[in-house]
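What follows is a single structure, written as structure tokens, with notes after it.
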Amino acid sequence: MSTTYVSAALRRRVAALAEGICEYCLIAEDDTFFGCAIDHIISEKHDGATRIENLALACVFCTQAKGSDIGSIHSKTGQFVRFFNPRADHWAEHFVLKGHRIEGRTPIGIVTAKLLRFNVAERLLERKTLIQLSLFPSVAALRRIQGTLPREQRKK
């Protein structure tokens with residue numbers, strides 16, 4: 001299956017909504033060596049459309065870890081749980097930043113944090129270093145952490 005072309009204009013709209021940060025782990029694109037890419041929240045493999053409602057800005061590490069997955073099995077309940085959706089969910093409802101760790105608050109947050117590997121050693125070191133340099137969380141990330149998004153980014 002080929003990937004649908006995402007126009008430059010649509011890429012700019014997604015990046016503007018994301019305020020230049022990965023919408024999953026909240027790292028600023030400017031603070032990543034590999035930058036960010038446009039991610040289909042629901043992959044095309046699962047009939048996800050190439051529309052603003054289904055696209056997110058994601059760092060390379062989140063994009064690679066997520067792949068075409070749409071969820072996972074919750075280790076405690078054995079139930080399938082969908083991943084965090086930056087267009088439908090609020091980050092602060094599903095995650096909490098504790099020091100340099102991102103932990104899930106809800107089943108959605110727990111499976112997303114685990115599968116996207118938010119707290120593997122390399123990512124913890126990166127986040128810890130960015131915190132020490134006063135680069136993380138960025139203003140945009142802080143709004144998501146505190147649950148204070150601009151009006152156009154709130155659930156309708």
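Chains: A, B, ... in order of the structure tokens. Residues: from 1 per chain. Ligands: from 1, in order shown.
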
Report task. Determine which residues of region 48-120 of chain A receive a DSSP assignment of alpha helix (DSSP H), computed from the backbone, and state them as number ranges by chain. Result -> A: 60-66, 91-94, 107-115

Query raised in the report: Residues at most 8 Å from Phe84 (chain A), counting only C-alpha atoms, excluding those fewer than 3 positions away in the same chain, as a PyMOL selection string?
Result: chain A and resi 24+89+94+108-109+112

Between region 7-35 of chain A and region 122-130 of chain A, at 10 Å or less, what are the per-residue closest atom pairs and their distances in Å? Count only C-alpha atoms, order by chain and rising residue number, and return it as a Markdown table.
```
| residue | atom | partner | partner_atom | distance |
| --- | --- | --- | --- | --- |
| A:Cys25 | CA | A:Arg123 | CA | 9.6 |
| A:Leu26 | CA | A:Arg127 | CA | 9.9 |
| A:Ile27 | CA | A:Arg127 | CA | 8.0 |
| A:Ala28 | CA | A:Leu130 | CA | 10.0 |
| A:Asp31 | CA | A:Leu130 | CA | 8.0 |
| A:Thr32 | CA | A:Glu126 | CA | 9.2 |
```

Take the residues from that selection and put them in a file with C-alpha atoms, as a PDB file, in the first residue's frame.
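So the final result, stored in part.pdb, reads:
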```
ATOM      1  CA  CYS A  25       5.886  12.991  23.660  1.00  0.00           C
ATOM      2  CA  LEU A  26       5.865  16.828  23.446  1.00  0.00           C
ATOM      3  CA  ILE A  27       9.496  17.277  22.389  1.00  0.00           C
ATOM      4  CA  ALA A  28      10.009  20.406  20.290  1.00  0.00           C
ATOM      5  CA  ASP A  31      15.243  20.075  19.829  1.00  0.00           C
ATOM      6  CA  THR A  32      15.326  16.808  17.888  1.00  0.00           C
TER       7      THR A  32
END
```

Query raised in the report: Skipping near chain neighbours, those fewer than 3 positions away, what residues fall within 7 Å of region 45-58 of chain A using only C-alpha atoms, listed as a ChimeraX atom specification?
Result: /A:4,14-15,18,21-24,36-42,62-63,68,86-87

**Report entry** Between CA of Asp30 (chain A) and CA of Leu142 (chain A) - distance in Å to one decimal
**Finding:** 15.8 Å

Query - Shell around Gly99 (chain A) at 9 Å using only C-alpha atoms, local window under 2 positions removed, as number ranges by chain - result: A: 97, 101-102, 128, 131

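Each of A:Pro137, A:Gly147, A:Gly20, A:Gly71 was compared to Lys114 (chain A) using only C-alpha atoms, and A:Gly71 turns out to be the nearest.
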